[in-house]
$ cat work09.txt   # compact mmCIF, C-alpha atoms
# COMPACT_ATOMS: atom_id res chain seq x y z
CA MET A 28 165.62 -66.52 117.62
CA THR A 29 164.22 -64.19 114.98
CA SER A 30 160.95 -63.89 116.90
CA THR A 31 162.85 -62.58 119.92
CA SER A 32 164.65 -59.91 117.96
CA PHE A 33 161.37 -58.92 116.33
CA LEU A 34 159.84 -58.56 119.78
CA ARG A 35 162.66 -56.46 121.01
CA SER A 36 162.17 -53.93 118.23
CA SER A 37 158.38 -53.91 118.16
CA LEU A 38 157.26 -54.56 121.72
CA ALA A 39 160.03 -54.41 124.25
CA ALA A 40 162.32 -51.45 123.93
CA GLY A 41 162.98 -49.80 120.61
CA ALA A 42 163.73 -46.17 120.00
CA GLU A 43 160.09 -45.21 120.54
CA GLY A 44 159.98 -46.04 124.23
CA ASP A 45 160.08 -48.79 126.80
CA VAL A 46 157.56 -51.33 128.08
CA ILE A 47 155.84 -48.86 130.41
CA ASP A 48 155.46 -46.40 127.52
CA ALA A 49 154.01 -49.23 125.42
CA ALA A 50 151.63 -50.35 128.18
CA LEU A 51 150.23 -46.83 128.56
CA GLY A 52 150.57 -45.65 124.96
CA ILE A 53 152.94 -42.85 126.03
CA ALA A 54 153.99 -40.95 122.91
CA SER A 55 157.37 -39.30 122.58
CA GLY A 56 157.09 -35.67 123.70
CA SER A 57 153.79 -36.19 125.55
CA PRO A 58 153.37 -34.88 129.15
CA LEU A 59 153.99 -38.35 130.64
CA ASP A 60 157.05 -38.83 128.44
CA ARG A 61 158.43 -35.51 129.69
CA LEU A 62 157.57 -36.38 133.29
CA ARG A 63 159.30 -39.76 133.07
CA SER A 64 162.34 -38.17 131.45
CA GLU A 65 162.86 -36.07 134.60
CA ARG A 66 164.07 -39.29 136.30
CA PRO A 67 166.24 -40.89 133.59
CA GLU A 68 168.02 -43.37 135.89
CA VAL A 69 164.68 -44.66 137.24
CA ARG A 70 163.32 -45.00 133.73
CA ASP A 71 166.43 -46.77 132.39
CA ARG A 72 166.84 -49.16 135.33
CA THR A 73 163.15 -50.05 135.26
CA GLN A 74 163.60 -51.12 131.65
CA SER A 75 166.92 -52.92 132.24
CA SER A 76 165.30 -54.84 135.13
CA TYR A 77 162.57 -55.90 132.72
CA THR A 78 165.13 -56.91 130.09
CA THR A 79 167.15 -58.96 132.57
CA LEU A 80 164.18 -60.76 134.09
CA LEU A 81 161.77 -61.05 131.17
CA ASP A 82 163.54 -60.57 127.88
CA ARG A 83 166.99 -62.18 128.08
CA PRO A 84 166.80 -65.19 130.38
CA GLU A 85 170.00 -66.79 131.58
CA PRO A 86 170.60 -70.17 129.93
CA GLY A 87 169.75 -73.07 132.24
CA SER A 88 167.25 -71.10 134.30
CA LEU A 89 163.50 -70.49 133.92
CA SER A 90 162.45 -70.58 130.27
CA LEU A 91 161.18 -67.48 128.49
CA ALA A 92 157.68 -68.99 128.24
CA GLU A 93 157.64 -69.70 132.01
CA ARG A 94 158.76 -66.17 132.80
CA LEU A 95 156.21 -64.54 130.50
CA ALA A 96 153.39 -66.79 131.74
CA ILE A 97 154.10 -65.68 135.31
CA ALA A 98 154.31 -62.03 134.31
CA LEU A 99 150.98 -62.26 132.44
CA ARG A 100 149.35 -63.90 135.44
CA ILE A 101 150.50 -61.13 137.79
CA ALA A 102 149.49 -58.38 135.36
CA ASN A 103 146.03 -59.98 135.18
CA VAL A 104 145.71 -60.24 138.98
CA ASN A 105 146.69 -56.56 139.24
CA ALA A 106 144.09 -55.59 136.58
CA ALA A 107 146.98 -53.96 134.65
CA SER A 108 145.41 -54.28 131.21
CA GLY A 109 148.15 -52.53 129.21
CA LEU A 110 150.88 -54.64 130.80
CA ALA A 111 148.78 -57.79 130.40
CA LYS A 112 148.39 -57.04 126.69
CA HIS A 113 152.14 -56.68 126.35
CA TYR A 114 152.88 -59.97 128.13
CA ARG A 115 150.07 -61.75 126.26
CA GLU A 116 151.55 -60.73 122.90
CA ARG A 117 155.02 -61.81 123.92
CA LEU A 118 153.81 -65.12 125.39
CA ALA A 119 151.88 -65.86 122.18
CA LEU A 120 155.15 -65.65 120.27
CA ALA A 121 157.23 -67.53 122.85
CA SER A 122 154.74 -70.35 123.44
CA ASN A 123 151.35 -71.56 122.24
CA GLU A 124 147.64 -70.77 122.44
CA ALA A 125 146.98 -73.46 125.06
CA LEU A 126 149.39 -71.93 127.57
CA LEU A 127 148.00 -68.46 126.94
CA ARG A 128 144.47 -69.70 127.57
CA ALA A 129 145.49 -71.61 130.70
CA ILE A 130 146.87 -68.40 132.23
CA ASP A 131 144.10 -66.06 131.06
CA ASP A 132 141.23 -68.43 131.88
CA ASN A 133 142.67 -69.80 135.13
CA LEU A 134 142.99 -73.41 133.90
CA LEU A 135 145.90 -74.19 136.18
CA GLY A 136 145.26 -77.94 135.99
CA SER A 137 146.34 -77.93 132.35
CA LEU A 138 149.80 -76.53 133.15
CA THR A 139 152.85 -78.69 133.77
CA PRO A 140 153.19 -79.43 137.51
CA ARG A 141 156.31 -77.24 137.56
CA LEU A 142 154.63 -74.19 135.98
CA GLY A 143 151.44 -74.81 137.98
CA ALA A 144 153.46 -74.61 141.20
CA MET A 145 155.14 -71.41 140.04
CA VAL A 146 151.82 -69.76 139.11
CA ARG A 147 150.28 -70.73 142.47
CA HIS A 148 153.28 -69.21 144.22
CA ALA A 149 152.92 -66.07 142.11
CA ASP A 150 149.27 -65.77 143.15
CA LEU A 151 150.13 -66.17 146.84
CA LEU A 152 152.92 -63.63 146.76
CA THR A 153 150.89 -61.18 144.69
CA LEU A 154 147.74 -61.31 146.80
CA GLU A 155 148.82 -62.33 150.31
CA PRO A 156 152.57 -61.78 150.57
CA SER A 157 152.71 -62.05 154.36
CA ARG A 158 151.34 -65.61 154.19
CA ALA A 159 154.33 -66.88 152.18
CA SER A 160 156.25 -69.43 154.23
CA GLN A 161 159.25 -71.70 154.10
CA SER A 162 157.01 -74.63 153.14
CA ASP A 163 155.95 -72.75 149.98
CA LEU A 164 159.60 -72.75 148.89
CA SER A 165 159.75 -76.49 149.63
CA LEU A 166 156.81 -77.00 147.22
CA LEU A 167 158.79 -75.23 144.50
CA ALA A 168 161.92 -77.24 145.28
CA ALA A 169 159.84 -80.44 145.11
CA ARG A 170 158.95 -79.46 141.52
CA GLY A 171 162.61 -79.29 140.67
CA LEU A 172 163.33 -75.58 141.05
CA SER A 173 166.91 -74.85 142.14
CA SER A 174 167.71 -72.15 144.72
CA SER A 175 168.79 -69.91 141.90
CA GLU A 176 165.53 -70.46 140.00
CA ILE A 177 163.53 -69.71 143.17
CA VAL A 178 165.37 -66.40 143.52
CA THR A 179 164.71 -65.52 139.85
CA LEU A 180 161.04 -66.51 140.17
CA SER A 181 160.72 -64.30 143.28
CA GLN A 182 162.36 -61.39 141.47
CA ILE A 183 159.95 -61.73 138.52
CA ILE A 184 156.87 -61.87 140.77
CA ALA A 185 158.05 -58.88 142.79
CA PHE A 186 159.16 -56.89 139.72
CA VAL A 187 155.75 -57.13 138.04
CA ALA A 188 154.14 -55.96 141.33
CA TYR A 189 156.41 -52.90 141.04
CA GLN A 190 155.72 -52.42 137.34
CA ALA A 191 151.92 -52.59 137.80
CA ARG A 192 152.08 -49.83 140.44
CA VAL A 193 154.25 -47.56 138.32
CA VAL A 194 151.82 -47.95 135.42
CA ALA A 195 148.75 -47.37 137.64
CA SER A 196 150.31 -44.21 139.10
CA LEU A 197 151.36 -42.70 135.77
CA LYS A 198 147.86 -43.33 134.43
CA LEU A 199 146.32 -41.49 137.40
CA ILE A 200 148.72 -38.55 137.11
CA ALA A 201 147.76 -38.17 133.43
CA GLU A 202 144.04 -38.41 134.20
CA VAL A 203 144.19 -35.60 136.75
CA GLU A 204 146.18 -33.34 134.40
CA MET B 28 157.12 -53.34 169.50
CA SER B 29 153.47 -52.82 168.47
CA ALA B 30 150.67 -55.34 168.97
CA CYS B 31 151.09 -56.69 165.43
CA GLY B 32 154.86 -57.04 165.74
CA PHE B 33 156.05 -53.80 164.07
CA THR B 34 159.13 -52.18 165.57
CA THR B 35 161.83 -49.66 164.77
CA ASP B 36 164.42 -51.84 166.54
CA VAL B 37 167.31 -53.10 164.42
CA LEU B 38 166.43 -56.62 163.22
CA ASP B 39 168.35 -59.34 161.41
CA TRP B 40 166.91 -61.31 158.49
CA SER B 41 167.51 -64.98 157.94
CA ALA B 42 167.23 -66.73 154.55
CA TRP B 43 165.13 -69.88 154.03
CA ILE B 44 167.36 -71.13 151.20
CA GLU B 45 171.14 -71.26 151.00
CA PRO B 46 172.68 -67.88 150.06
CA VAL B 47 175.70 -67.70 147.75
CA ARG B 48 178.83 -68.21 149.88
CA LEU B 49 181.23 -65.33 149.33
CA GLU B 50 184.18 -67.73 149.06
CA ASP B 51 182.38 -69.37 146.10
CA ALA B 52 181.23 -66.11 144.49
CA SER B 53 182.46 -65.11 141.01
CA ALA B 54 184.24 -61.82 140.39
CA ASP B 55 181.02 -60.52 138.80
CA GLN B 56 178.90 -61.52 141.81
CA LEU B 57 181.35 -59.76 144.15
CA ALA B 58 181.24 -56.66 141.93
CA VAL B 59 177.42 -56.61 142.09
CA LEU B 60 177.58 -56.87 145.88
CA GLU B 61 179.99 -53.93 145.99
CA GLU B 62 177.77 -51.84 143.67
CA SER B 63 174.66 -52.56 145.73
CA GLY B 64 175.83 -50.40 148.63
CA PRO B 65 177.79 -50.48 151.86
CA HIS B 66 175.16 -52.58 153.71
CA ALA B 67 175.15 -55.40 151.12
CA ARG B 68 178.46 -57.11 151.92
CA GLY B 69 177.38 -58.28 155.37
CA SER B 70 173.74 -59.02 154.49
CA GLN B 71 172.36 -62.54 154.03
CA TYR B 72 169.54 -61.06 151.95
CA TYR B 73 171.96 -59.64 149.37
CA HIS B 74 174.05 -62.82 149.42
CA LEU B 75 170.88 -64.78 148.59
CA LEU B 76 169.90 -62.41 145.77
CA LEU B 77 173.36 -63.00 144.22
CA HIS B 78 171.92 -66.27 142.86
CA ASP B 79 170.62 -63.98 140.07
CA ALA B 80 173.40 -61.40 139.98
CA SER B 81 172.27 -59.58 136.83
CA ALA B 82 168.77 -59.05 138.29
CA LEU B 83 170.30 -57.79 141.56
CA ARG B 84 172.62 -55.40 139.69
CA GLU B 85 169.71 -53.64 137.94
CA ARG B 86 167.47 -53.73 141.00
CA SER B 87 170.09 -52.19 143.31
CA LYS B 88 170.72 -49.32 140.89
CA LEU B 89 166.98 -48.75 140.56
CA PHE B 90 166.44 -48.95 144.33
CA ASN B 91 169.19 -46.41 144.97
CA ALA B 92 167.88 -44.03 142.28
CA ILE B 93 164.34 -44.16 143.69
CA MET B 94 165.13 -43.97 147.40
CA TYR B 95 168.30 -41.82 147.39
CA GLY B 96 168.05 -39.81 144.13
CA ALA B 97 169.16 -36.24 144.88
CA LYS B 98 166.32 -34.50 143.02
CA GLY B 99 162.65 -34.45 143.87
CA LEU B 100 160.50 -35.49 146.78
CA ARG B 101 161.96 -35.17 150.28
CA ARG B 102 163.64 -38.39 151.36
CA ALA B 103 161.48 -38.52 154.50
CA ASP B 104 158.34 -38.61 152.34
CA ARG B 105 159.73 -41.48 150.24
CA GLU B 106 160.49 -43.36 153.45
CA LEU B 107 156.94 -42.72 154.69
CA GLY B 108 155.54 -44.23 151.47
CA ALA B 109 157.87 -47.22 151.85
CA THR B 110 156.82 -47.64 155.49
CA VAL B 111 153.08 -47.57 154.78
CA GLU B 112 153.45 -50.07 151.90
CA SER B 113 155.51 -52.33 154.19
CA ILE B 114 153.00 -52.16 157.05
CA GLU B 115 150.14 -52.94 154.68
CA ASN B 116 152.00 -55.99 153.33
CA GLY B 117 152.97 -57.14 156.81
CA CYS B 118 156.72 -56.91 156.14
CA ILE B 119 158.11 -56.49 159.65
CA TYR B 120 161.73 -56.31 158.49
CA CYS B 121 161.18 -53.62 155.79
CA THR B 122 158.98 -51.66 158.18
CA SER B 123 161.65 -51.68 160.89
CA VAL B 124 164.31 -50.25 158.57
CA HIS B 125 162.21 -47.65 156.79
CA ALA B 126 160.16 -46.46 159.77
CA ARG B 127 163.53 -45.91 161.48
CA PHE B 128 164.85 -43.95 158.47
CA TYR B 129 161.63 -41.90 158.42
CA GLN B 130 162.00 -41.04 162.09
CA GLN B 131 165.64 -40.02 161.62
CA LEU B 132 164.82 -37.81 158.60
CA ALA B 133 161.46 -36.32 159.59
CA LYS B 134 162.02 -36.02 163.34
CA LYS B 135 158.33 -36.79 163.89
CA PRO B 136 158.23 -39.86 166.16
CA GLU B 137 154.48 -39.43 166.63
CA VAL B 138 153.83 -40.43 162.99
CA VAL B 139 155.38 -43.90 163.31
CA ASP B 140 153.84 -44.32 166.77
CA ALA B 141 150.38 -43.62 165.30
CA LEU B 142 150.93 -45.94 162.30
CA PHE B 143 152.04 -48.78 164.58
CA LYS B 144 149.21 -48.20 167.06
CA ASP B 145 146.29 -47.61 164.67
CA GLY B 146 147.54 -48.95 161.32
CA PRO B 147 147.97 -47.09 158.02
CA GLY B 148 144.63 -45.28 158.50
CA ALA B 149 145.80 -43.63 161.75
CA PRO B 150 144.99 -39.92 162.24
CA LEU B 151 147.87 -37.82 160.81
CA GLU B 152 148.54 -34.23 159.74
CA PRO B 153 147.17 -33.45 156.22
CA ARG B 154 150.46 -33.83 154.30
CA GLU B 155 151.32 -37.15 155.98
CA ARG B 156 147.69 -38.26 155.63
CA ALA B 157 147.71 -37.60 151.87
CA ILE B 158 150.97 -39.54 151.46
CA ALA B 159 149.75 -42.43 153.62
CA ASP B 160 146.36 -42.65 151.85
CA PHE B 161 147.92 -42.82 148.39
CA SER B 162 150.59 -45.31 149.54
CA LEU B 163 148.08 -47.55 151.27
CA ARG B 164 145.73 -47.72 148.30
CA LEU B 165 148.57 -48.20 145.82
CA ALA B 166 149.76 -51.13 147.97
CA HIS B 167 146.51 -53.04 147.45
CA THR B 168 146.23 -55.74 144.77
CA PRO B 169 144.90 -54.61 142.32
CA PRO B 170 146.08 -51.08 143.14
CA GLN B 171 143.20 -48.93 144.44
CA ALA B 172 144.77 -45.45 144.35
CA SER B 173 142.36 -42.92 142.84
CA ARG B 174 142.20 -39.49 141.26
CA ASP B 175 141.13 -38.12 144.66
CA ASP B 176 144.40 -39.40 146.14
CA ILE B 177 146.36 -37.54 143.45
CA LEU B 178 144.34 -34.37 144.09
CA ALA B 179 145.03 -34.64 147.83
CA LEU B 180 148.77 -34.92 147.12
CA ARG B 181 148.56 -31.83 144.90
CA ARG B 182 146.73 -29.94 147.68
CA ALA B 183 149.53 -30.98 150.03
CA GLY B 184 151.94 -29.22 147.65
CA LEU B 185 153.44 -32.10 145.68
CA SER B 186 154.29 -31.54 142.01
CA ASN B 187 153.67 -34.26 139.43
CA ALA B 188 157.36 -35.21 139.54
CA GLU B 189 157.17 -35.52 143.34
CA ILE B 190 154.00 -37.62 143.10
CA LEU B 191 155.87 -39.91 140.69
CA ASP B 192 158.80 -40.06 143.15
CA LEU B 193 156.39 -41.19 145.88
CA ALA B 194 154.71 -43.71 143.56
CA ASN B 195 158.11 -45.13 142.60
CA ALA B 196 159.07 -45.54 146.28
CA VAL B 197 155.80 -47.31 147.10
CA ALA B 198 156.14 -49.52 144.00
CA MET B 199 159.74 -50.35 144.90
CA PHE B 200 158.51 -51.63 148.26
CA ALA B 201 155.79 -53.70 146.60
CA TRP B 202 158.90 -55.39 145.14
CA ALA B 203 161.15 -55.37 148.22
CA ASN B 204 158.43 -56.57 150.63
CA ARG B 205 157.66 -59.57 148.43
CA LEU B 206 161.31 -60.62 148.20
CA MET B 207 161.80 -60.28 151.95
CA LEU B 208 158.54 -62.10 152.77
CA THR B 209 159.07 -65.08 150.47
CA LEU B 210 162.79 -65.74 150.83
CA GLY B 211 163.26 -65.62 154.61
CA GLU B 212 162.16 -64.08 157.89
CA PRO B 213 163.11 -61.37 160.40
CA LYS B 214 165.02 -62.30 163.54
CA ALA B 215 165.85 -60.33 166.65
CA ALA B 216 169.36 -58.92 166.18
CA ALA B 217 172.10 -60.75 168.06
CA SER B 218 173.22 -58.55 170.94
CA GLU B 219 176.76 -57.21 170.66

$ encode --input "work09.txt" --output "C-alpha cells"
Amino acid sequence: MTSTSFLRSSLAAGAEGDVIDAALGIASGSPLDRLRSERPEVRDRTQSSYTTLLDRPEPGSLSLAERLAIALRIANVNAASGLAKHYRERLALASNEALLRAIDDNLLGSLTPRLGAMVRHADLLTLEPSRASQSDLSLLAARGLSSSEIVTLSQIIAFVAYQARVVASLKLIAEVE
Amino acid sequence: MSACGFTTDVLDWSAWIEPVRLEDASADQLAVLEESGPHARGSQYYHLLLHDASALRERSKLFNAIMYGAKGLRRADRELGATVESIENGCIYCTSVHARFYQQLAKKPEVVDALFKDGPGAPLEPRERAIADFSLRLAHTPPQASRDDILALRRAGLSNAEILDLANAVAMFAWANRLMLTLGEPKAAASE
C-alpha cells in the first residue's frame, strides 16, 4: 500500500495541515489557520473522522474506492470544488479513470450495481434527506450491503455534508475579512 | 405540534435496521457508547451507530466539542443553528431535541413558536434573524450562505470565532439530520 502512505503524507494529513486546510489552501500561520486553531478539538476530530471514514477503511467493509467515489460525488453535488479536487486525486490513485469519469460525468449506468445503488442513495440523502425511507435501505440490502456497511455508508454521506459546510463557511469568513 | 409535524415534545426514535445488541457488543463498542455521553446507553440510535464503532467514537467527540465546548458562541445560539438546519431538512426528531434545548437555554419560547408556525424565514429579532438566515442558507445543497450573511452576523456582534462556532453547529446537524433521517424514524414516546 505504498500509494496509500504517499497519499497520507501529500494529500491527507501531514504536518502542513489537514484535508480542510488542503481544500482551501490554508497556509500555516494564515488568518484561517489561526482561527481554526482556536478550536483544536473540533479541528482534530474533524480530521480523525475523515481518517476513520475515508482513509483507513475497516477490512471487510466498503472498499476505499467505493468510499472515495461516494465522497467525490457528494463534494460535486455540494459544489465544493476544493474538496472535490482532493477526493478526485485520491480516487485516481485508489481506482481507475473509468470510475472517476463515471462519478464526475454522471454515468451511473457504468458503475457496478452495488456502487450504483450507493451513489443513488448518496444523491437522495444529500439533496432530499427527508425523503429517505426504509425501502431505500432495502434497495441497498438487496445489493448485498450488510447492516454495518449501511451504517458506514450513511456516516460517509453525512460526514461529507458536514465537511462541505465547514469549508464553505471558512471560505466566506476569509472573503469578508 | 405544528402543522408540518414539528414539536418540542420528547420523542423516541426507532431504527429501520437491527442495532447492535448490548449483550453481543465488544468491550470496545461498550467503551465507545460510554464515551458518547450519558444519553447514549439507552438510545437505539447510538446502538445502531455502534456497527461502525470507530466512526461513532470520533463523531461523538466532535459533536460534544461543537455543541458543548466551553469557549465561544453561546450554547443557545448553537442550538438555534441546529434547530433551523433540522427544520429545513425536515428532521422532526432532531428538531424536537434541539428546539427544546434552545428554549431551555434562551428562555424565548416565542422564537421556536414562530419557527414552527412560519418556517425558518419567520419574523425574528435581528440577532436571531441573522443566525437563522445564515443557518438556513448553509443548510441548502449546495450551501447558499453568502458574504451578506456573514456581515449580518458581524453586525449582530459575533466574532469570527463565534461565526465559525455557529457554522460548525449547523454543519454538524447537516450530518446528524442525515443519519437520523436515513436510519430510522421518530415515534411518540411511550408514556410512563

$ residues_around --input "work09.txt" --residues "A:Asp60" --least-positions-apart "6" --cutoff "8 Å" --atoms "all atoms listed in the file" --output "list of chain:residue names"
A:Asp48, A:Ile53, A:Ala54

$ residues_around --input "work09.txt" --residues "B:Gln131" --least-positions-apart "2" --cutoff "12 Å" --atoms "all atoms listed in the file" --output "count of residues only"
18

$ atom_distance --input "work09.txt" --atom1 "atom CA of A:Leu59" --atom2 "atom CA of A:Val104"
24.8 Å

$ closest_atom_pairs --input "work09.txt" --of "stretch 183-203 of chain A" --to "stretch 109-118 of chain A" --cutoff "12 Å" --atoms "all atoms listed in the file" --output "JSON lines"
{"residue": "A:Val187", "atom": "CA", "partner": "A:Leu110", "partner_atom": "CA", "distance": 9.1}
{"residue": "A:Ala188", "atom": "CA", "partner": "A:Leu110", "partner_atom": "CA", "distance": 11.1}
{"residue": "A:Tyr189", "atom": "CA", "partner": "A:Leu110", "partner_atom": "CA", "distance": 11.8}
{"residue": "A:Gln190", "atom": "CA", "partner": "A:Leu110", "partner_atom": "CA", "distance": 8.4}
{"residue": "A:Ala191", "atom": "CA", "partner": "A:Leu110", "partner_atom": "CA", "distance": 7.4}
{"residue": "A:Arg192", "atom": "CA", "partner": "A:Leu110", "partner_atom": "CA", "distance": 10.8}
{"residue": "A:Val193", "atom": "CA", "partner": "A:Leu110", "partner_atom": "CA", "distance": 10.9}
{"residue": "A:Val194", "atom": "CA", "partner": "A:Leu110", "partner_atom": "CA", "distance": 8.2}
{"residue": "A:Ala195", "atom": "CA", "partner": "A:Gly109", "partner_atom": "CA", "distance": 9.9}
{"residue": "A:Lys198", "atom": "CA", "partner": "A:Gly109", "partner_atom": "CA", "distance": 10.6}

$ atom_distance --input "work09.txt" --atom1 "atom CA of A:Arg72" --atom2 "atom CA of A:Gly44"
13.4 Å

$ closest_residue --input "work09.txt" --among "A:Thr179, A:Ser174, A:Gln161, A:Ser122" --to "B:Gly211" --atoms "only C-alpha atoms"
A:Gln161

$ atom_distance --input "work09.txt" --atom1 "atom CA of A:Gln182" --atom2 "atom CA of B:Leu206"
6.9 Å

$ interface_residues --input "work09.txt" --of "chain B" --to "chain A" --cutoff "7 Å" --atoms "only C-alpha atoms" --output "ChimeraX atom specification"
/B:43-44,76,78-79,81-82,85-86,88-89,92-93,116-118,165,168-170,173-174,177,187-188,194-195,198-199,201-202,205-206,208-209

$ decode --input "work09.txt" --residues "stretch 33-47 of chain B" --atoms "N, CA, C and O atoms" --output "compact mmCIF listing (two decimals), in the first residue's frame"
# COMPACT_ATOMS: atom_id res chain seq x y z
N PHE B 33 -43.63 19.46 13.49
CA PHE B 33 -42.56 19.79 14.43
C PHE B 33 -43.13 19.97 15.83
O PHE B 33 -44.24 20.48 16.00
N THR B 34 -42.36 19.57 16.80
CA THR B 34 -42.80 19.60 18.20
C THR B 34 -41.58 19.74 19.10
O THR B 34 -40.46 19.39 18.69
N THR B 35 -41.80 20.25 20.31
CA THR B 35 -40.74 20.18 21.32
C THR B 35 -41.04 19.07 22.33
O THR B 35 -40.33 18.95 23.34
N ASP B 36 -42.05 18.26 22.07
CA ASP B 36 -42.32 17.11 22.95
C ASP B 36 -41.14 16.13 22.88
O ASP B 36 -40.44 16.05 21.87
N VAL B 37 -40.98 15.36 23.93
CA VAL B 37 -39.95 14.31 23.94
C VAL B 37 -40.42 13.16 23.04
O VAL B 37 -41.51 12.63 23.22
N LEU B 38 -39.61 12.82 22.04
CA LEU B 38 -39.93 11.74 21.11
C LEU B 38 -38.97 10.56 21.31
O LEU B 38 -37.87 10.73 21.81
N ASP B 39 -39.37 9.40 20.84
CA ASP B 39 -38.46 8.27 20.70
C ASP B 39 -38.03 8.18 19.24
O ASP B 39 -38.63 8.83 18.37
N TRP B 40 -37.05 7.37 18.98
CA TRP B 40 -36.58 7.15 17.59
C TRP B 40 -36.38 5.65 17.42
O TRP B 40 -35.83 4.98 18.30
N SER B 41 -36.86 5.15 16.31
CA SER B 41 -36.86 3.70 16.10
C SER B 41 -36.06 3.36 14.84
O SER B 41 -36.28 3.96 13.78
N ALA B 42 -35.11 2.44 14.95
CA ALA B 42 -34.20 2.10 13.86
C ALA B 42 -34.89 1.21 12.82
O ALA B 42 -35.72 0.38 13.17
N TRP B 43 -34.50 1.39 11.56
CA TRP B 43 -35.03 0.57 10.46
C TRP B 43 -34.18 -0.69 10.23
O TRP B 43 -34.58 -1.57 9.48
N ILE B 44 -32.96 -0.69 10.76
CA ILE B 44 -32.15 -1.92 10.68
C ILE B 44 -31.71 -2.28 12.09
O ILE B 44 -31.75 -1.45 13.00
N GLU B 45 -31.32 -3.54 12.25
CA GLU B 45 -31.07 -4.10 13.58
C GLU B 45 -29.89 -3.40 14.26
O GLU B 45 -28.76 -3.43 13.74
N PRO B 46 -30.10 -2.76 15.41
CA PRO B 46 -28.95 -2.19 16.14
C PRO B 46 -28.06 -3.30 16.71
O PRO B 46 -28.46 -4.47 16.75
N VAL B 47 -26.87 -2.93 17.15
CA VAL B 47 -26.01 -3.87 17.87
C VAL B 47 -26.67 -4.16 19.22
O VAL B 47 -27.10 -3.24 19.92
